[in-house]
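**Student:** Here it is: the structure, laid out below.
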There are 2 protein chains.
Amino acid sequence: MSQLIKRFNITDPFWKRYEDLLSEVVIPYQEAVLRDEVPGAEKSHAIENFRLAADVVKNGKEPGGFYGLVFQDSDVAKWIEAASYSLIRHPDSGLEERIDRVIETIRDSQHEDGYVNTYFTLKEPGRQWTNLQEAHELYCAGHMIEAAVAYYEATGKAVLLETMKRMADHIYDLFIVKKKPGYSGHPEIELALMRLYRTTGDRRYMELSKHLTDVRGQDPDYFVKENAEKGWKIWGMDPELREYAQNQCPVREMTKATGHAVRATYLYTAMADLALSTDDEELKEASERLFKNISEKQMYITGGIGATSNGEAFTTDYDLPNGTVYAETCASIGLIFFARKMLDLKTDGRYSDVMERALYNTVLAGMQLDGKRFFYVNPLEVIPGISGVVPDCRHVLPERPGWYDCACCPPNVARMVGSLAEYAWSVKDGTVFSHLFVGGELDLSDALGSKIKVETRYPYGETVTYTVEGNPVSLALRIPSWSSTCLLTVDGKKTDVSAKDGYQYIKCKKEAILYLNMAPRYCYANSMVASDSGKAAVMRGPLVYCAEGTDNGGDVIGLRFKDGGRLEPLPLSDDLMGTVKVEAEGFREKTSDELYSSERPKYDPAAITLIPYYSWGNRGKNQMRVWLPVK
Amino acid sequence: MSQLIKRFNITDPFWKRYEDLLSEVVIPYQEAVLRDEVPGAEKSHAIENFRLAADVVKNGKEPGGFYGLVFQDSDVAKWIEAASYSLIRHPDSGLEERIDRVIETIRDSQHEDGYVNTYFTLKEPGRQWTNLQEAHELYCAGHMIEAAVAYYEATGKAVLLETMKRMADHIYDLFIVKKKPGYSGHPEIELALMRLYRTTGDRRYMELSKHLTDVRGQDPDYFVKENAEKGWKIWGMDPELREYAQNQCPVREMTKATGHAVRATYLYTAMADLALSTDDEELKEASERLFKNISEKQMYITGGIGATSNGEAFTTDYDLPNGTVYAETCASIGLIFFARKMLDLKTDGRYSDVMERALYNTVLAGMQLDGKRFFYVNPLEVIPGISGVVPDCRHVLPERPGWYDCACCPPNVARMVGSLAEYAWSVKDGTVFSHLFVGGELDLSDALGSKIKVETRYPYGETVTYTVEGNPVSLALRIPSWSSTCLLTVDGKKTDVSAKDGYQYIKCKKEAILYLNMAPRYCYANSMVASDSGKAAVMRGPLVYCAEGTDNGGDVIGLRFKDGGRLEPLPLSDDLMGTVKVEAEGFREKTSDELYSSERPKYDPAAITLIPYYSWGNRGKNQMRVWLPVK
């Protein structure tokens with residue numbers, strides 16, 4: 001069952017707002033940036049690169065004029081993908097027309113042999129495929145393939161799909177037919193080829209994906225050899241950093257998530273996808289090991305991953321510093337991709353719980369509530385004057401900047417949120433799986449003769465009501481692990497909740513109502529996490545909360561939770577675009593002048609106001625903390 | 001009153017052991033390293049560089065053969081200085097003879113115009129004085145001047161002193177007579193010239209010190225201009241990093257300690273020295289501001305300074321991370337230099353408290369108990385597997401290495417500990433000031449007709465007994481701010497302790513006994529220090545304590561102090577070369593498999609064994625933590 005995006009019409013206030021924001025603000029803004037029409041934003045030049053490349057290919061102009069990073073093309077791709085999702089819900093003939101023009105330019109930039117890439121067409125002609133480690137050629141191809149699939153599925157128009165099939169054929173010819181050694185420095189092509197395979201039915205694309213995945217660590221020295229031969233460089237990255245590039249060993253032997261967190265999760269997503277599609281038990285076990293390692297040892301409570309800015313990378317088990325963290329928005333998006341594929345491999349709430357955690361916290365925090373500014377790095381502790389300033393925290397910005405020269409995160413958020421239905425639902429063997437609680441209408445008339453309407457104020461409300469029209473439906477409802485108690489009524493009858501692997505399987509004729517336990521709760525990290533020892537965080541439903549200075553008299557570093565203290569949700573307010581804040585019973589340490597003192601600190605009782613983590617940083621620079629010491 | 005080293009014979013068990021260790025182990029070992037006679041240690045070549053340079057100057061050989069860092073000469077200088085102090089207490093004709101040979105080589109490497117520096121003589125002839133920012137020429141000169149003064153005062157032999165006077169004259173001629181612009185990238189010459197001035201009485205050296213200090217930020221662009229002109233480089237350091245180099249503004253206008261912490265404290269030491277020697281009120285106020293900023297906002301509880309490895313530098317107020325800290329041993333030595341000069345400006349326990357804190361904790365921790373291995377970086381939290389491994393903690397080693405290619409710290413510890421008397425005592429206007437509690441005999445027969453014998457088991461024992469022979473003595477006894485209660489008997493009479501600025505002024509005929517409160521105590525950091533919020537550290541007397549895995553079943557991250565819990569000193573044992581451990585009442589968090597859980601953590605009661613911070617890392621790699629959460 002694909003194209004759930006087309007079948008699911010989102011109506012709940014939380015996600016509808018985001019969907020509208022995407023269509024009305026984010027996608028037009030990103031388009032304007034890509035067209036270099038936003039004064040003050042970093043110059044993108046990404047669409048202009050394609051125009052210049054088309055001039056070279058079609059009109060025989062001299063190469064030249066490339067601007068941006070080596071993967072600048074992928075910004076256009078991710079924007080087309082996000083815009084495609086948006087077009088399904090918000091048809092906009094003007095936008096569609098403009099995308100068609102961009103697609104024609106991309107097509108026109110394609111060389112006779114199928115090759116598409118503006119960096120090499122304009123800046124390094126003749127050097128194609130000589131620097132797989134750094135050049136992001138396969139990465140850009142992957143993103144454009146994803147865009148092609150999405151645009152085709154949204155509009156039925158195949159120009160970009162045909163273009164990218166030719167590019168995929170070119171790559172197939174190179175790596176499979178001509179047996180070129182090597183693989184991509186930045187995984188992405190592998191998961192994209194699986195999408196292309198599913199849309200076209202052409203198994204060669206799966207074969208190519210499997211090849212590029214498996215060959216990786218089978219030749220851990222490929223980048224070293226390439227580096228010795230290539231005679232040119234982009235950044236001069238060290239080819240010996242194998243864990244960074246996830247080529248330290250064959251992927252089937254991997255036990256621990258390593259290296260650049262986006263690269264890692266994109267690779268693991270393809271592994272899980274291939275494991276299912278090729279029924280590969282070994283690959284399945286490797287994927288499961290890697291997922292377990294991330295979710296049980298290397299993930300922030302916000303679903304952020306990548307503890308260090310050095311290589312934007314995983315470090316090691318239980319190393320989760322809050323103030324020097326990286327936790328790139330794109331890495332959490334990658335983690336959601338990975339979890340979603342694991343969920344296809346096995347229906348298990350462990351995967352959907354992680355998906356939800358990353359989505360509602362890090363990914364949403366990546367975008368300003370007004371859709372205009374973005375975080376790349378998502379810290380769990382911010383102190384203006386230190387964060388963004390001192391060397392070890394220079395990457396940790398206390399406010400979202402508008403656009404980055406490396407603009408991977410903004411369009412990635414847009415395509416993630418725009419394709420929410422694919423993460424919220426799946427249908428398998430006649431059973432409809434509800435993975436995420438999103439209000440709207442799911443039209444399965446053609447397949448099952450049913451429509452399912454979901455009403456909820458999630459993530460703030462505690463009920464999720466499923467109303468079935470037409471045939472009765474086999475429903476598998478996710479029972480989140482965080483909801484210690486759950487009530488369920490099915491067609492008016494109270495039903496015991498005895499979830500199997502995190503899902504409750506029911507048959508529903510008319511209506512099922514799930515009551516989740518939305519009482520705010522304290523959460524504690526494993527005692528091995530040094531950064532969080534003696535501390536607690538607060539969650540309510542799927543949302544991680546944080547204390548921000550604005551609500552707490554400026555200083556949050558002096559705040560302490562009272563051990564076992566009362567947590568009270570405040571009424572849903574319009575503040576921060578509609579939010580339930582939580583008030584926690586606690587203390588505020590009295591300030592003193594001394595740096596060190598042997599006098600026991602004195603405290604005043606304090607009501608600590610907490611806001612959802614995703615909404616932090618929307619009211620100017622101020623202190624923010626997720627983990628507060630418990631007193 | 002100078003040459004206190006010669007007048008004070010240390011006898012207490014704590015410092016006598018260190019003094020013997022210096023003579024018997026550290027200085028011979030460092031000599032062997034400098035002579036490249038230690039298998040497995042980093043090659044030094046420092047003495048050989050001088051031999052080769054002498055061959056160039058004296059025998060007209062071709063330049064070449066330099067090995068090491070640009071400041072390799074300073075290793076020899078610091079070793080000669082430390083060895084000079086050692087010779088006073090442990091005359092060793094073999095060592096003295098060998099130093100004389102080294103000194104002759106240094107003298108022979110001196111050019112006709114007085115210039116001494118092996119890097120420029122061997123490797124970059126003709127480029128003298130063109131790269132003040134990077135080349136450490138004035139820094140090496142400064143250290144060799146200090147060595148010359150120390151060796152002259154220890155032995156009365158003036159060969160090196162005469163050599164370095166000629167070098168100082170050469171520098172005077174350059175900067176004062178010929179008015180060359182610029183100043184040293186790494187301060188050191190400024191404080192060294194003040195020592196040379198005091199030993200020789202030649203005021204030109206003070207004039208030169210004052211010039212090099214004042215000109216610094218008066219021309220904040222000097223390094224930028226030099227960089228544009230010089231046409232060669234050593235590391236390619238950014239000349240725009242003004243705060244790093246303490247040239248962002250005239251030194252008199254500085255309000256906050258910035259940049260490389262060793263450079264900073266060496267500069268501030270000279271400032272305080274000049275303020276006193278030239279009676280310069282403005283410079284005095286600036287020194288006081290900088291001292292306050294460090295000691296009240298940028299200093300670890302261990303007396304460590306420099307929160308980041310990036311530039312080995314100060315960062316900003318209250319930024320004191322425990323696990324990514326730098327806290328270089330040399331920086332704490334610089335802080336002691338600075339505090340000592342401040343104490344000359346004004347007798348105030350604030351300065352001696354800092355001096356003591358840095359000495360007994362960071363400086364001593366810098367050296368293995370057996371004197372054979374050294375820390376450059378002195379962390380307050382170590383987790384093997386993370387520390388020394390993950391990128392942000394790569395510089396934080398869990399064990400002391402033997403020798404570094406940049407070997408500044410080991411000989412610096414040796415010269416600091418070797419000249420302890422200069423920090424323990426001062427004599428002014430007939431009053432004898434006891435700044436640090438060190439057992440031994442101070443012979444002031446010639447000046448005051450008295451001898452003072454100090455008996456103590458400090459830093460472990462609680463009494464310090466001063467016995468006076470000869471004339472009655474005016475004594476100013478430091479009353480440490482950490483000793484909440486103090487008892488004092490003077491000549492058998494109980495005396496009220498009402499310290500003025502941290503000192504008790506008494507007249508003593510026969511005996512004064514100071515009883516310090518050595519009860520172990522919890523200490524708390526200012527509530528603005530995010531890394532320590534909700535945590536406590538334990539101190540006893542001047543010693544900071546820490547929990548090490550070896551004493552605590554491996555894991556210290558799961559340990560919690562009980563709020564207000566009992567602290568009990570254990571009997572003095574031979575363990576760790578003689579130490580009083582402290583047992584703290586606390587808890588150990590029970591381990592769990594989950595990364596995050598909403599179940600309140602469970603705890604077992606635990607007796608936490610704490611050892612003095614200076615003794616950590618002597619029993620293999622294991623976890624270590626100074627600040628433990630309070631439960």
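We name chains A, B, ... following the order of the structure tokens; residues begin at 1 in each chain, and ligands are numbered from 1 as shown.
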Could you write out as number ranges by chain the residues of chain A within 8 Å of chain B, counting only C-alpha atoms?
**Tutor:** A: 295-297, 301, 308, 310, 315-316, 319, 385-386, 390-392, 482, 521-530, 533-534, 557-558, 560, 589-601, 629-631
**Student:** Compile the contact shell of Gly217 in chain B as a PyMOL selection string: residues with an atom at most 12 Å away, counting only C-alpha atoms, same-chain residues fewer than 4 positions apart removed.
**Tutor:** chain B and resi 181-185+211-213+221-223+242-243+245-254+267
**Student:** Okay, now the selection with N, CA and C atoms, as a PDB file, in the first residue's frame?
**Tutor:**
```
ATOM      1  N   PRO B 181      59.066  47.962  16.844  1.00  0.00           N
ATOM      2  CA  PRO B 181      57.728  47.752  17.381  1.00  0.00           C
ATOM      3  C   PRO B 181      57.519  46.261  17.715  1.00  0.00           C
ATOM      4  N   GLY B 182      56.455  45.997  18.471  1.00  0.00           N
ATOM      5  CA  GLY B 182      56.119  44.601  18.746  1.00  0.00           C
ATOM      6  C   GLY B 182      56.367  44.168  20.170  1.00  0.00           C
ATOM      7  N   TYR B 183      55.993  42.918  20.421  1.00  0.00           N
ATOM      8  CA  TYR B 183      56.055  42.319  21.756  1.00  0.00           C
ATOM      9  C   TYR B 183      55.921  40.819  21.570  1.00  0.00           C
ATOM     10  N   SER B 184      56.052  40.092  22.639  1.00  0.00           N
ATOM     11  CA  SER B 184      56.120  38.636  22.507  1.00  0.00           C
ATOM     12  C   SER B 184      54.744  37.998  22.342  1.00  0.00           C
ATOM     13  N   GLY B 185      54.650  37.042  21.430  1.00  0.00           N
ATOM     14  CA  GLY B 185      53.407  36.281  21.280  1.00  0.00           C
ATOM     15  C   GLY B 185      53.071  35.547  22.556  1.00  0.00           C
ATOM     16  N   HIS B 211      58.102  48.268  29.091  1.00  0.00           N
ATOM     17  CA  HIS B 211      57.827  48.588  27.694  1.00  0.00           C
ATOM     18  C   HIS B 211      57.092  47.443  26.993  1.00  0.00           C
ATOM     19  N   LEU B 212      57.627  46.229  27.145  1.00  0.00           N
ATOM     20  CA  LEU B 212      57.031  45.082  26.440  1.00  0.00           C
ATOM     21  C   LEU B 212      55.623  44.766  26.958  1.00  0.00           C
ATOM     22  N   THR B 213      55.370  45.111  28.206  1.00  0.00           N
ATOM     23  CA  THR B 213      54.040  44.888  28.787  1.00  0.00           C
ATOM     24  C   THR B 213      53.062  45.940  28.281  1.00  0.00           C
ATOM     25  N   ASP B 221      47.279  45.629  16.585  1.00  0.00           N
ATOM     26  CA  ASP B 221      47.431  45.133  15.220  1.00  0.00           C
ATOM     27  C   ASP B 221      48.853  44.706  14.885  1.00  0.00           C
ATOM     28  N   TYR B 222      49.735  44.711  15.885  1.00  0.00           N
ATOM     29  CA  TYR B 222      51.122  44.406  15.538  1.00  0.00           C
ATOM     30  C   TYR B 222      51.272  43.059  14.832  1.00  0.00           C
ATOM     31  N   PHE B 223      50.612  42.029  15.383  1.00  0.00           N
ATOM     32  CA  PHE B 223      50.783  40.700  14.767  1.00  0.00           C
ATOM     33  C   PHE B 223      50.171  40.637  13.368  1.00  0.00           C
ATOM     34  N   ARG B 242      43.043  38.262  18.832  1.00  0.00           N
ATOM     35  CA  ARG B 242      43.654  39.189  19.789  1.00  0.00           C
ATOM     36  C   ARG B 242      43.435  38.767  21.242  1.00  0.00           C
ATOM     37  N   GLU B 243      42.244  38.286  21.548  1.00  0.00           N
ATOM     38  CA  GLU B 243      42.016  37.889  22.943  1.00  0.00           C
ATOM     39  C   GLU B 243      42.893  36.691  23.308  1.00  0.00           C
ATOM     40  N   ALA B 245      45.820  36.217  22.338  1.00  0.00           N
ATOM     41  CA  ALA B 245      47.177  36.721  22.551  1.00  0.00           C
ATOM     42  C   ALA B 245      47.227  37.875  23.550  1.00  0.00           C
ATOM     43  N   GLN B 246      46.096  38.151  24.208  1.00  0.00           N
ATOM     44  CA  GLN B 246      46.059  39.244  25.194  1.00  0.00           C
ATOM     45  C   GLN B 246      46.606  40.553  24.635  1.00  0.00           C
ATOM     46  N   ASN B 247      46.235  40.860  23.406  1.00  0.00           N
ATOM     47  CA  ASN B 247      46.628  42.178  22.890  1.00  0.00           C
ATOM     48  C   ASN B 247      45.419  42.947  22.359  1.00  0.00           C
ATOM     49  N   GLN B 248      44.245  42.580  22.838  1.00  0.00           N
ATOM     50  CA  GLN B 248      43.008  43.209  22.353  1.00  0.00           C
ATOM     51  C   GLN B 248      42.875  44.656  22.799  1.00  0.00           C
ATOM     52  N   CYS B 249      43.549  45.023  23.872  1.00  0.00           N
ATOM     53  CA  CYS B 249      43.497  46.406  24.370  1.00  0.00           C
ATOM     54  C   CYS B 249      44.715  46.601  25.264  1.00  0.00           C
ATOM     55  N   PRO B 250      45.038  47.839  25.594  1.00  0.00           N
ATOM     56  CA  PRO B 250      46.163  48.048  26.511  1.00  0.00           C
ATOM     57  C   PRO B 250      45.931  47.271  27.809  1.00  0.00           C
ATOM     58  N   VAL B 251      46.981  46.705  28.349  1.00  0.00           N
ATOM     59  CA  VAL B 251      46.825  45.834  29.523  1.00  0.00           C
ATOM     60  C   VAL B 251      46.144  46.557  30.677  1.00  0.00           C
ATOM     61  N   ARG B 252      46.324  47.856  30.737  1.00  0.00           N
ATOM     62  CA  ARG B 252      45.719  48.625  31.830  1.00  0.00           C
ATOM     63  C   ARG B 252      44.206  48.678  31.733  1.00  0.00           C
ATOM     64  N   GLU B 253      43.699  48.396  30.555  1.00  0.00           N
ATOM     65  CA  GLU B 253      42.246  48.483  30.374  1.00  0.00           C
ATOM     66  C   GLU B 253      41.566  47.126  30.481  1.00  0.00           C
ATOM     67  N   MET B 254      42.335  46.085  30.665  1.00  0.00           N
ATOM     68  CA  MET B 254      41.752  44.740  30.684  1.00  0.00           C
ATOM     69  C   MET B 254      40.879  44.538  31.920  1.00  0.00           C
ATOM     70  N   LEU B 267      51.639  37.032  31.737  1.00  0.00           N
ATOM     71  CA  LEU B 267      51.535  38.483  31.520  1.00  0.00           C
ATOM     72  C   LEU B 267      51.044  39.185  32.785  1.00  0.00           C
TER      73      LEU B 267
END
```
**Student:** I'd like the neighbourhood of range 283-290 of chain B as a list in words, where a residue qualifies if any of its atoms comes within 9 Å (using only C-alpha atoms), though same-chain residues fewer than 6 positions away should be ignored.
**Tutor:**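 Contacts, with the query itself left out: Val251, Arg252, Glu253, Met254, Thr255, Lys256, Ala257, Tyr268, Thr269, Met271, Ala272, Asp273, Leu274, Ala275, Leu276, Phe338, Met342 and Leu345 of chain B.
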**Student:** Any chance you can output those residues with all heavy atoms as a CSV table (one decimal), in the first residue's frame?
**Tutor:**
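Printed below is part18.csv as written:
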```
chain,number,residue,atom,x,y,z
B,251,VAL,N,47.0,46.7,28.3
B,251,VAL,CA,46.8,45.8,29.5
B,251,VAL,C,46.1,46.6,30.7
B,251,VAL,O,45.4,45.9,31.5
B,251,VAL,CB,48.2,45.3,30.0
B,251,VAL,CG1,48.8,44.4,28.9
B,251,VAL,CG2,49.2,46.3,30.4
B,252,ARG,N,46.3,47.9,30.7
B,252,ARG,CA,45.7,48.6,31.8
B,252,ARG,C,44.2,48.7,31.7
B,252,ARG,O,43.5,49.0,32.7
B,252,ARG,CB,46.2,50.1,31.8
B,252,ARG,CG,47.6,50.2,32.1
B,252,ARG,CD,48.3,51.4,31.5
B,252,ARG,NE,49.7,51.3,31.8
B,252,ARG,CZ,50.3,51.5,32.9
B,252,ARG,NH1,49.6,52.0,34.0
B,252,ARG,NH2,51.6,51.4,33.1
B,253,GLU,N,43.7,48.4,30.6
B,253,GLU,CA,42.2,48.5,30.4
B,253,GLU,C,41.6,47.1,30.5
B,253,GLU,O,40.4,47.0,30.3
B,253,GLU,CB,41.9,49.1,29.0
B,253,GLU,CG,42.4,50.6,28.9
B,253,GLU,CD,42.3,51.1,27.5
B,253,GLU,OE1,41.6,50.5,26.7
B,253,GLU,OE2,43.0,52.2,27.3
B,254,MET,N,42.3,46.1,30.7
B,254,MET,CA,41.8,44.7,30.7
B,254,MET,C,40.9,44.5,31.9
B,254,MET,O,41.2,45.0,33.0
B,254,MET,CB,42.9,43.7,30.7
B,254,MET,CG,43.6,43.6,29.3
B,254,MET,SD,44.9,42.4,29.3
B,254,MET,CE,45.5,42.6,27.6
B,255,THR,N,39.8,43.8,31.7
B,255,THR,CA,38.8,43.6,32.8
B,255,THR,C,38.6,42.1,33.0
B,255,THR,O,38.1,41.7,34.0
B,255,THR,CB,37.5,44.2,32.5
B,255,THR,OG1,37.0,43.8,31.3
B,255,THR,CG2,37.6,45.8,32.5
B,256,LYS,N,39.0,41.3,32.0
B,256,LYS,CA,38.6,39.9,32.1
B,256,LYS,C,39.7,39.1,31.5
B,256,LYS,O,40.4,39.4,30.5
B,256,LYS,CB,37.4,39.7,31.1
B,256,LYS,CG,36.6,38.5,31.3
B,256,LYS,CD,35.3,38.6,30.5
B,256,LYS,CE,34.8,37.2,30.2
B,256,LYS,NZ,33.5,37.2,29.5
B,257,ALA,N,40.0,38.0,32.2
B,257,ALA,CA,41.1,37.1,31.7
B,257,ALA,C,40.7,36.5,30.4
B,257,ALA,O,39.6,35.9,30.3
B,257,ALA,CB,41.4,36.0,32.7
B,268,TYR,N,50.0,38.6,33.4
B,268,TYR,CA,49.4,39.3,34.6
B,268,TYR,C,50.4,39.3,35.7
B,268,TYR,O,50.4,40.2,36.5
B,268,TYR,CB,48.1,38.6,35.0
B,268,TYR,CG,47.1,38.4,33.9
B,268,TYR,CD1,46.1,37.4,34.0
B,268,TYR,CD2,47.0,39.3,32.8
B,268,TYR,CE1,45.2,37.2,33.0
B,268,TYR,CE2,46.1,39.1,31.8
B,268,TYR,CZ,45.2,38.1,31.9
B,268,TYR,OH,44.2,37.9,30.9
B,269,THR,N,51.3,38.2,35.8
B,269,THR,CA,52.3,38.2,36.8
B,269,THR,C,53.3,39.4,36.7
B,269,THR,O,53.6,40.1,37.6
B,269,THR,CB,53.1,36.9,36.7
B,269,THR,OG1,52.2,35.8,36.9
B,269,THR,CG2,54.2,36.8,37.8
B,271,MET,N,52.6,42.2,35.1
B,271,MET,CA,51.8,43.4,35.4
B,271,MET,C,51.8,43.7,36.9
B,271,MET,O,52.0,44.8,37.4
B,271,MET,CB,50.4,43.3,34.9
B,271,MET,CG,50.2,43.4,33.4
B,271,MET,SD,48.6,42.8,32.8
B,271,MET,CE,47.5,44.0,33.6
B,272,ALA,N,51.5,42.7,37.7
B,272,ALA,CA,51.5,42.9,39.2
B,272,ALA,C,52.8,43.2,39.7
B,272,ALA,O,53.0,44.1,40.6
B,272,ALA,CB,50.9,41.6,39.9
B,273,ASP,N,53.9,42.6,39.2
B,273,ASP,CA,55.2,42.9,39.6
B,273,ASP,C,55.6,44.3,39.3
B,273,ASP,O,56.1,45.0,40.1
B,273,ASP,CB,56.2,41.9,38.9
B,273,ASP,CG,57.5,41.7,39.6
B,273,ASP,OD1,57.9,42.6,40.4
B,273,ASP,OD2,58.2,40.7,39.3
B,274,LEU,N,55.3,44.7,38.0
B,274,LEU,CA,55.6,46.1,37.6
B,274,LEU,C,54.8,47.1,38.4
B,274,LEU,O,55.3,48.2,38.8
B,274,LEU,CB,55.3,46.3,36.1
B,274,LEU,CG,56.3,45.7,35.2
B,274,LEU,CD1,55.7,45.5,33.8
B,274,LEU,CD2,57.5,46.6,35.1
B,275,ALA,N,53.5,46.7,38.7
B,275,ALA,CA,52.7,47.6,39.5
B,275,ALA,C,53.3,48.0,40.8
B,275,ALA,O,53.4,49.1,41.3
B,275,ALA,CB,51.3,47.0,39.7
B,276,LEU,N,53.9,46.9,41.5
B,276,LEU,CA,54.5,47.2,42.8
B,276,LEU,C,55.9,47.9,42.6
B,276,LEU,O,56.1,48.9,43.2
B,276,LEU,CB,54.8,45.8,43.4
B,276,LEU,CG,55.5,45.9,44.8
B,276,LEU,CD1,54.6,46.5,45.8
B,276,LEU,CD2,55.9,44.5,45.3
B,338,PHE,N,51.1,34.6,39.6
B,338,PHE,CA,50.3,35.8,39.6
B,338,PHE,C,49.8,36.1,41.0
B,338,PHE,O,50.0,37.2,41.6
B,338,PHE,CB,49.1,35.6,38.7
B,338,PHE,CG,48.2,36.8,38.5
B,338,PHE,CD1,48.6,38.1,38.7
B,338,PHE,CD2,46.9,36.6,38.1
B,338,PHE,CE1,47.7,39.2,38.5
B,338,PHE,CE2,46.0,37.6,37.9
B,338,PHE,CZ,46.4,38.9,38.2
B,342,MET,N,50.6,39.3,43.5
B,342,MET,CA,49.5,40.1,44.1
B,342,MET,C,49.6,40.2,45.6
B,342,MET,O,49.4,41.2,46.2
B,342,MET,CB,48.1,39.4,43.8
B,342,MET,CG,47.7,39.5,42.3
B,342,MET,SD,47.7,41.1,41.6
B,342,MET,CE,46.3,41.9,42.4
B,345,LEU,N,51.8,42.8,46.5
B,345,LEU,CA,51.1,44.1,46.3
B,345,LEU,C,50.3,44.4,47.5
B,345,LEU,O,50.1,45.6,48.0
B,345,LEU,CB,50.2,44.1,45.1
B,345,LEU,CG,50.8,44.6,43.8
B,345,LEU,CD1,49.7,44.4,42.7
B,345,LEU,CD2,51.2,46.1,43.9
```
**Student:** Rounded to one decimal place, report the CA of Trp616 in chain B-CA of Glu583 in chain B distance in Å.
**Tutor:**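 Going from CA of Trp616 in chain B over to CA of Glu583 in chain B, I get 15.8 Å.
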**Student:** What residues in range 322-566 of chain B get the DSSP label strand (DSSP E)? Please answer as a VMD selection string.
**Tutor:** chain B and resid 381 to 382 425 to 428 431 to 434 440 to 444 450 to 456 463 to 470 473 to 478 486 to 490 493 to 495 503 to 508 511 to 516 521 to 525 535 to 540 543 to 548 559 to 561
**Student:** DSSP on the backbone, alpha helix (DSSP H) only: what residues of range 354-603 of chain B does that give? Format it as a PyMOL selection string.
**Tutor:** chain B and resi 354-357+364-365+409-418+420-424+445-448
**Student:** Residues of the last selection are to be written out with C-alpha atoms, as a compact mmCIF listing (two decimals), in the first residue's frame.
**Tutor:**
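The resulting file, result-v3.txt, is shown below:
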```txt
# COMPACT_ATOMS: atom_id res chain seq x y z
CA VAL B 354 44.20 30.72 45.44
CA MET B 355 47.92 29.96 45.51
CA GLU B 356 47.30 27.09 47.88
CA ARG B 357 44.31 25.79 45.94
CA LEU B 364 50.47 18.34 42.23
CA ALA B 365 47.97 16.36 40.14
CA CYS B 409 54.55 21.07 32.10
CA PRO B 410 56.97 18.55 33.63
CA PRO B 411 59.89 20.95 34.21
CA ASN B 412 57.45 23.67 35.24
CA VAL B 413 56.16 21.48 38.06
CA ALA B 414 59.74 20.78 39.05
CA ARG B 415 60.72 24.44 39.27
CA MET B 416 57.50 25.37 41.09
CA VAL B 417 57.81 22.70 43.76
CA GLY B 418 61.56 23.28 43.94
CA LEU B 420 58.29 26.36 47.35
CA ALA B 421 59.92 28.49 50.04
CA GLU B 422 59.38 31.61 47.94
CA TYR B 423 55.66 30.94 48.00
CA ALA B 424 55.44 29.77 51.59
CA SER B 445 69.49 34.80 61.91
CA ASP B 446 71.23 37.42 59.82
CA ALA B 447 68.19 39.61 59.23
CA LEU B 448 66.17 39.25 62.42
```
**Student:** Find the distance between CA of Tyr244 in chain A and CA of Thr278 in chain A and write it in Å to one decimal.
**Tutor:** 27.1 Å
**Student:** With range 95-106 of chain B as the partner and 10 Å as the cut-off, tabulate the residues of range 116-202 of chain B that qualify, each row holding the nearest pair of atoms and their distance in Å to one decimal, using only C-alpha atoms, sorted by chain and rising number, as CSV.
**Tutor:**
```
residue,atom,partner,partner_atom,distance
B:Val116,CA,B:Ile106,CA,7.7
B:Asn117,CA,B:Ile106,CA,9.0
B:Thr118,CA,B:Ile106,CA,9.1
B:Met144,CA,B:Ile106,CA,9.6
B:Ala148,CA,B:Ile103,CA,9.1
B:Tyr151,CA,B:Ile99,CA,9.2
B:Thr155,CA,B:Glu96,CA,8.6
B:Lys157,CA,B:Asp100,CA,9.0
B:Val159,CA,B:Ile103,CA,7.2
B:Leu160,CA,B:Ile103,CA,6.0
B:Leu161,CA,B:Ile103,CA,9.8
B:Thr163,CA,B:Ile106,CA,8.2
B:Met164,CA,B:Ile106,CA,9.7
```
**Student:** What separation in Å, quoted to one decimal, exists between CA of Phe66 in chain B and CA of Glu134 in chain B?
**Tutor:**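 Interatomic distance, CA of Phe66 in chain B to CA of Glu134 in chain B: 16.9 Å.
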**Student:** So that I can check the surroundings of Tyr115 in chain B, please list as a VMD selection string every protein, DNA and RNA residue that reaches within 7 Å of it, counting only C-alpha atoms and ignoring chain neighbours fewer than 3 positions away.
**Tutor:** chain B and resid 110 to 111 167 170
